[in-house]
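For reference, data.csv (CSV, C-alpha atoms):
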chain,number,residue,atom,x,y,z
A,27,GLY,CA,0.0,0.0,0.0
A,28,ALA,CA,0.9,3.7,-0.2
A,29,VAL,CA,3.3,4.9,2.4
A,30,VAL,CA,3.9,8.5,3.4
A,31,SER,CA,6.9,9.3,5.5
A,32,GLN,CA,6.9,12.4,7.7
A,33,HIS,CA,10.0,13.7,9.5
A,34,PRO,CA,10.7,14.7,12.2
A,35,SER,CA,8.1,13.0,14.4
A,36,TRP,CA,8.6,15.6,17.1
A,37,VAL,CA,10.6,18.8,17.5
A,38,ILE,CA,11.1,21.3,20.2
A,39,CYS,CA,12.3,24.7,19.1
A,40,LYS,CA,12.9,28.1,20.6
A,41,SER,CA,10.5,31.0,20.0
A,42,GLY,CA,11.6,33.0,16.9
A,43,THR,CA,13.3,30.1,15.1
A,44,SER,CA,12.1,28.3,12.1
A,45,VAL,CA,11.3,24.6,11.7
A,46,LYS,CA,11.1,22.5,8.6
A,47,ILE,CA,8.9,19.4,8.3
A,48,GLU,CA,9.3,17.0,5.4
A,49,CYS,CA,6.6,14.8,3.9
A,50,ARG,CA,7.6,12.1,1.4
A,51,SER,CA,5.6,9.6,-0.6
A,52,LEU,CA,7.7,6.5,-0.6
A,53,ASP,CA,6.2,4.3,-3.2
A,54,PHE,CA,4.1,6.5,-5.4
A,55,GLN,CA,4.2,10.0,-7.0
A,56,ALA,CA,2.0,12.6,-5.4
A,57,THR,CA,1.4,15.7,-7.5
A,58,THR,CA,-0.7,17.0,-4.6
A,59,MET,CA,-0.1,16.8,-0.9
A,60,PHE,CA,-2.0,18.3,1.9
A,61,TRP,CA,-0.9,19.8,5.2
A,62,TYR,CA,-3.2,19.7,8.3
A,63,ARG,CA,-2.9,21.0,11.8
A,64,GLN,CA,-4.5,19.3,14.8
A,65,PHE,CA,-4.8,20.6,18.3
A,66,PRO,CA,-5.3,18.2,21.2
A,67,LYS,CA,-8.6,16.3,21.0
A,68,GLN,CA,-9.7,18.3,18.0
A,69,SER,CA,-10.3,17.6,14.4
A,70,LEU,CA,-7.9,18.0,11.5
A,71,MET,CA,-7.9,21.5,10.0
A,72,LEU,CA,-6.6,21.7,6.4
A,73,MET,CA,-3.9,24.4,6.2
A,74,ALA,CA,-2.9,24.2,2.6
A,75,THR,CA,-2.7,22.2,-0.6
A,76,SER,CA,0.8,21.6,-1.9
A,77,ASN,CA,1.1,21.4,-5.6
A,78,GLU,CA,4.2,20.0,-7.3
A,79,GLY,CA,5.9,22.6,-9.3
A,80,SER,CA,3.6,25.5,-8.4
A,81,LYS,CA,2.5,27.6,-5.5
A,82,ALA,CA,0.6,26.1,-2.6
A,83,THR,CA,-3.0,26.9,-2.1
A,84,TYR,CA,-3.7,28.1,1.4
A,85,GLU,CA,-7.0,27.9,3.3
A,86,GLN,CA,-8.6,31.0,4.6
A,87,GLY,CA,-7.0,32.4,7.7
A,88,VAL,CA,-3.6,30.6,7.2
A,89,GLU,CA,-0.7,32.9,6.9
A,90,LYS,CA,1.3,32.2,3.7
A,91,ASP,CA,4.4,33.9,5.0
A,92,LYS,CA,4.4,32.0,8.2
A,93,PHE,CA,3.8,28.5,6.9
A,94,LEU,CA,6.0,28.2,3.8
A,95,ILE,CA,5.3,25.2,1.6
A,96,ASN,CA,7.5,23.9,-1.1
A,97,HIS,CA,6.7,20.9,-3.3
A,98,ALA,CA,9.8,20.6,-5.5
A,99,SER,CA,9.4,17.0,-6.6
A,100,LEU,CA,6.7,14.5,-7.1
A,101,THR,CA,7.6,12.8,-3.8
A,102,LEU,CA,8.5,15.5,-1.4
A,103,SER,CA,6.7,18.4,0.1
A,104,THR,CA,8.0,20.6,3.0
A,105,LEU,CA,6.3,22.8,5.5
A,106,THR,CA,8.4,25.5,7.2
A,107,VAL,CA,7.0,27.2,10.2
A,108,THR,CA,8.9,30.5,10.3
A,109,SER,CA,9.5,32.6,13.4
A,110,ALA,CA,7.7,30.1,15.5
A,111,HIS,CA,5.8,31.1,18.6
A,112,PRO,CA,4.3,29.1,21.4
A,113,GLU,CA,0.8,29.3,19.8
A,114,ASP,CA,2.2,27.5,16.8
A,115,SER,CA,2.7,24.4,19.0
A,116,SER,CA,0.5,21.7,17.5
A,117,PHE,CA,0.5,18.4,15.7
A,118,TYR,CA,1.1,18.9,11.9
A,119,ILE,CA,0.2,16.1,9.6
A,120,CYS,CA,0.7,15.7,5.8
A,121,SER,CA,-1.3,13.5,3.5
A,122,ALA,CA,-1.2,12.4,-0.1
A,123,SER,CA,-3.3,10.4,-2.5
A,124,GLN,CA,-2.3,8.2,-5.4
A,125,GLY,CA,-4.7,10.1,-7.6
A,126,ARG,CA,-8.0,11.9,-7.5
A,127,LEU,CA,-10.3,10.7,-4.7
A,128,THR,CA,-10.3,6.9,-5.0
A,129,ASN,CA,-11.2,3.9,-3.0
A,130,TYR,CA,-7.8,4.0,-1.5
A,131,GLY,CA,-8.5,7.3,0.3
A,132,TYR,CA,-5.6,9.4,1.5
A,133,THR,CA,-2.5,8.2,3.2
A,134,PHE,CA,-1.3,10.2,6.1
A,135,GLY,CA,2.2,10.7,7.5
A,136,SER,CA,2.8,9.9,11.1
A,137,GLY,CA,2.7,13.5,12.0
A,138,THR,CA,5.1,16.0,13.6
A,139,ARG,CA,4.5,17.2,17.1
A,140,LEU,CA,5.9,20.7,17.3
A,141,THR,CA,6.5,22.4,20.7
A,142,VAL,CA,7.7,26.0,20.7
A,143,VAL,CA,9.3,27.1,24.0
B,26,GLY,CA,-21.5,25.2,3.6
B,27,GLN,CA,-18.7,22.7,3.3
B,28,GLN,CA,-18.7,21.5,6.9
B,29,VAL,CA,-19.8,18.1,8.0
B,30,MET,CA,-21.3,17.8,11.5
B,31,GLN,CA,-20.4,14.7,13.4
B,32,ILE,CA,-22.0,13.4,16.6
B,33,PRO,CA,-21.5,12.4,19.3
B,34,GLN,CA,-18.3,14.1,20.2
B,35,TYR,CA,-17.5,11.5,22.8
B,36,GLN,CA,-18.8,8.0,23.5
B,37,HIS,CA,-17.8,5.7,26.3
B,38,VAL,CA,-19.0,2.1,26.1
B,39,GLN,CA,-18.5,-1.2,27.9
B,40,GLU,CA,-16.6,-3.7,25.9
B,41,GLY,CA,-19.0,-5.8,23.8
B,42,GLU,CA,-21.5,-3.0,23.4
B,43,ASP,CA,-22.3,-1.5,20.1
B,44,PHE,CA,-21.2,2.0,18.9
B,45,THR,CA,-22.4,4.4,16.3
B,46,THR,CA,-21.2,7.7,15.0
B,47,TYR,CA,-23.1,10.0,12.7
B,48,CYS,CA,-22.1,12.5,10.1
B,49,ASN,CA,-24.5,15.1,8.6
B,50,SER,CA,-24.2,17.7,5.9
B,51,SER,CA,-26.6,20.4,4.9
B,52,THR,CA,-25.6,19.9,1.3
B,53,THR,CA,-25.4,16.8,-0.9
B,54,LEU,CA,-22.1,15.0,-0.6
B,55,SER,CA,-20.3,13.6,-3.7
B,56,ASN,CA,-18.6,11.1,-1.4
B,57,ILE,CA,-17.8,10.5,2.2
B,58,GLN,CA,-14.7,8.9,3.7
B,59,TRP,CA,-14.1,7.5,7.1
B,60,TYR,CA,-10.9,7.5,9.0
B,61,LYS,CA,-9.7,6.1,12.4
B,62,GLN,CA,-7.1,7.8,14.5
B,63,ARG,CA,-5.7,5.9,17.4
B,64,PRO,CA,-4.5,7.9,20.5
B,65,GLY,CA,-1.2,9.5,19.6
B,66,GLY,CA,-1.4,8.3,16.0
B,67,HIS,CA,-2.4,9.5,12.6
B,68,PRO,CA,-5.6,9.0,10.6
B,69,VAL,CA,-5.9,5.8,8.8
B,70,PHE,CA,-8.3,5.4,5.9
B,71,LEU,CA,-11.2,3.0,6.5
B,72,ILE,CA,-13.6,3.3,3.6
B,73,GLN,CA,-15.1,5.6,1.0
B,74,LEU,CA,-18.8,5.7,0.2
B,75,VAL,CA,-20.0,7.2,-3.1
B,76,LYS,CA,-23.4,5.8,-4.0
B,77,SER,CA,-26.8,6.8,-2.6
B,78,GLY,CA,-28.0,4.3,0.0
B,79,GLU,CA,-24.7,2.5,-0.1
B,80,VAL,CA,-23.8,0.0,2.7
B,81,LYS,CA,-20.4,-1.5,3.2
B,82,LYS,CA,-19.1,-3.8,5.8
B,83,GLN,CA,-15.7,-4.5,7.2
B,84,LYS,CA,-15.9,-7.3,9.8
B,85,ARG,CA,-17.7,-5.7,12.7
B,86,LEU,CA,-17.8,-2.2,11.1
B,87,THR,CA,-20.8,-1.2,9.0
B,88,PHE,CA,-20.8,2.0,7.0
B,89,GLN,CA,-23.9,3.6,5.5
B,90,PHE,CA,-24.5,6.5,3.1
B,91,GLY,CA,-27.9,8.1,3.2
B,92,GLU,CA,-30.3,8.0,0.3
B,93,ALA,CA,-30.1,11.7,-0.1
B,94,LYS,CA,-26.3,11.6,0.3
B,95,LYS,CA,-26.4,14.1,3.1
B,96,ASN,CA,-25.6,11.8,6.0
B,97,SER,CA,-23.5,8.8,6.8
B,98,SER,CA,-22.9,6.5,9.8
B,99,LEU,CA,-20.4,4.1,11.1
B,100,HIS,CA,-21.6,1.3,13.4
B,101,ILE,CA,-19.4,-1.0,15.3
B,102,THR,CA,-20.9,-4.2,16.6
B,103,ALA,CA,-19.6,-5.7,19.9
B,104,THR,CA,-16.8,-3.3,20.5
B,105,GLN,CA,-13.3,-4.5,21.4
B,106,THR,CA,-10.5,-2.6,23.2
B,107,THR,CA,-8.7,-2.4,19.9
B,108,ASP,CA,-11.6,-0.1,18.6
B,109,VAL,CA,-10.5,2.7,20.9
B,110,GLY,CA,-9.7,5.9,19.0
B,111,THR,CA,-11.3,8.8,17.2
B,112,TYR,CA,-13.4,8.2,14.2
B,113,PHE,CA,-13.6,10.9,11.6
B,114,CYS,CA,-15.8,11.3,8.6
B,115,ALA,CA,-14.5,13.5,5.8
B,116,ARG,CA,-16.2,14.9,2.7
B,117,GLY,CA,-14.4,15.2,-0.6
B,118,LEU,CA,-15.0,18.4,-2.3
B,119,GLN,CA,-16.3,17.9,-5.9
B,120,GLY,CA,-13.8,19.2,-8.4
B,121,ALA,CA,-11.1,19.4,-5.8
B,122,GLN,CA,-9.0,16.7,-4.2
B,123,LYS,CA,-9.1,18.1,-0.7
B,124,LEU,CA,-11.0,16.6,2.3
B,125,VAL,CA,-12.9,18.4,4.9
B,126,PHE,CA,-13.1,16.5,8.2
B,127,GLY,CA,-15.9,16.3,10.7
B,128,GLN,CA,-15.2,17.0,14.3
B,129,GLY,CA,-14.7,13.3,15.1
B,130,THR,CA,-16.1,11.0,17.7
B,131,ARG,CA,-13.8,9.8,20.4
B,132,LEU,CA,-14.5,6.3,21.5
B,133,THR,CA,-13.3,5.0,24.8
B,134,ILE,CA,-14.0,1.4,26.0
B,135,ASN,CA,-14.3,0.0,29.5
B,136,PRO,CA,-12.8,-3.5,29.4
structure tokens encoding of this file:
Amino acid sequence: GAVVSQHPSWVICKSGTSVKIECRSLDFQATTMFWYRQFPKQSLMLMATSNEGSKATYEQGVEKDKFLINHASLTLSTLTVTSAHPEDSSFYICSASQGRLTNYGYTFGSGTRLTVV
Amino acid sequence: GQQVMQIPQYQHVQEGEDFTTYCNSSTTLSNIQWYKQRPGGHPVFLIQLVKSGEVKKQKRLTFQFGEAKKNSSLHITATQTTDVGTYFCARGLQGAQKLVFGQGTRLTINP
């Protein structure tokens, strides 16, 4: 089955620094990947759609300059949280699909737990 | 709008009891997907429903899609401790690939 690898699984950073999170599709090509944010005991909130070779599409209310997304290849998308602050602490998860919505659904990475101190 | 409402928010059952979570939309859904997220884990795809009135089963799990394609349900028969987790429904937006998730139902089980 499809596998999505996300790294790192957890990170602690100081306020004001930047953190990069990687999301890789290991056995399939993903022209589109998605980045979600999840607060404790809450649902997944879509932040942005990452498109290979073009600019990401951000959801309303998500700051483009704060959450930089790069999708430079068919198997890799990165999310950089710039100038992180404690309120950015959250669980960030990426997902990808092998094609348009299919019976295979979306495969999620294992997530990155970001703590900003 | 695009949101899907999911109830209940929490459900605690005794092991062996049944469990049901419901997902409702004010607009017609092109499809509905269900995911399970174990505590501390990431969402795992369970199933996709596309057809009006569709019913699919996976062992003790039964998934239904309403005739009007505005609601869906997941029913677990005779819960086991391995069923613990949060169950999310998610709608696919027609014309787009992105998913919009419901609020989730967190299932806890007393062994």
Subject >> Closest of A:Leu100, A:Met59, A:Leu70, A:Val107 to Pro68 (chain B) - atom-to-atom distances counting only C-alpha atoms >> reply: A:Leu70
**OP:** May I have the residues of chain B within 6 Å of chain A, counting only C-alpha atoms, written as a PyMOL selection string?
**Re:** chain B and resi 67+70+73+122+128
Original post:
In Å to one decimal, how far is CA of Gly129 (chain B) from CA of Leu102 (chain A)?
Top reply: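 Separating CA of Leu102 (chain A) from CA of Gly129 (chain B) is a distance of 28.6 Å.
As for CA of Ser97 (chain B) and CA of Glu40 (chain B), they are spaced 23.8 Å apart.
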Subject >> Local residues around (-13.7, 17.0, -0.1), at most 10 Å away, using only C-alpha atoms, as an NGL selection string >> reply: (:A and (127)) or (:B and (27-28 or 54-58 or 115-126))
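Minimum distance to Val30 (chain A) across A:Lys92, A:Lys81, A:Arg50, A:His111 (counting only C-alpha atoms) occurs at A:Arg50.
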Original post:
Pick the closest to Lys82 (chain B) from B:Asn49, B:Asn135, B:Thr107, B:Ser98: which is it, counting all atoms listed in the file?
Top reply: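 The closest residue to Lys82 (chain B) is B:Ser98.
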Original post:
What does the distance between CA of Gly42 (chain A) and CA of Thr101 (chain A) come to in Å, to one decimal place?
Top reply: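 Separation between CA of Gly42 (chain A) and CA of Thr101 (chain A): 29.2 Å.
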**OP:** For Ile95 (chain A), work out the shell of residues within 12 Å, counting all atoms listed in the file and skipping chain neighbours fewer than 3 positions away, then give it as a ChimeraX atom specification.
**Re:** /A:45-49,58-61,73-84,88-92,98,102-108,120
Asn96 (chain B) surroundings by only C-alpha atoms, 9 Å radius, close-in-sequence under 6 positions cut, as an mmCIF file with C-alpha atoms, in the coordinates of the input:
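Output (out_8.cif):
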data_model
loop_
_atom_site.group_PDB
_atom_site.id
_atom_site.type_symbol
_atom_site.label_atom_id
_atom_site.label_comp_id
_atom_site.auth_asym_id
_atom_site.auth_seq_id
_atom_site.Cartn_x
_atom_site.Cartn_y
_atom_site.Cartn_z
ATOM 1 C CA VAL B 29 -19.800 18.100 8.000
ATOM 2 C CA TYR B 47 -23.100 10.000 12.700
ATOM 3 C CA CYS B 48 -22.100 12.500 10.100
ATOM 4 C CA ASN B 49 -24.500 15.100 8.600
ATOM 5 C CA SER B 50 -24.200 17.700 5.900
ATOM 6 C CA SER B 51 -26.600 20.400 4.900
ATOM 7 C CA THR B 53 -25.400 16.800 -0.900
ATOM 8 C CA LEU B 54 -22.100 15.000 -0.600
ATOM 9 C CA ILE B 57 -17.800 10.500 2.200
ATOM 10 C CA GLN B 89 -23.900 3.600 5.500
ATOM 11 C CA PHE B 90 -24.500 6.500 3.100
#
**OP:** Compare A:Thr43, A:Gln64, A:Ser35, A:Asn96 by their minimum atom-to-atom distance to Gln62 (chain B), counting all atoms listed in the file, and give me the closest one.
**Re:**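 The closest residue to Gln62 (chain B) is A:Gln64.
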Subject >> Within 8 Å of Tyr112 (chain B) using all atoms listed in the file, minus same-chain residues under 5 positions, as a list of chain:residue names >> reply: B:Thr46, B:Trp59, B:Tyr60, B:Lys61, B:Gln62, B:Gly129, B:Thr130, B:Arg131, B:Leu132
Might you pull out every residue within 8 Å of Val109 (chain B), with only C-alpha atoms counted and same-chain residues fewer than 2 positions away left off, and present them as an mmCIF file with C-alpha atoms, keeping the file's coordinate frame?
data_model
loop_
_atom_site.group_PDB
_atom_site.id
_atom_site.type_symbol
_atom_site.label_atom_id
_atom_site.label_comp_id
_atom_site.auth_asym_id
_atom_site.auth_seq_id
_atom_site.Cartn_x
_atom_site.Cartn_y
_atom_site.Cartn_z
ATOM 1 C CA ARG B 63 -5.700 5.900 17.400
ATOM 2 C CA PRO B 64 -4.500 7.900 20.500
ATOM 3 C CA GLN B 105 -13.300 -4.500 21.400
ATOM 4 C CA THR B 106 -10.500 -2.600 23.200
ATOM 5 C CA THR B 107 -8.700 -2.400 19.900
ATOM 6 C CA THR B 111 -11.300 8.800 17.200
ATOM 7 C CA ARG B 131 -13.800 9.800 20.400
ATOM 8 C CA LEU B 132 -14.500 6.300 21.500
ATOM 9 C CA THR B 133 -13.300 5.000 24.800
ATOM 10 C CA ILE B 134 -14.000 1.400 26.000
#
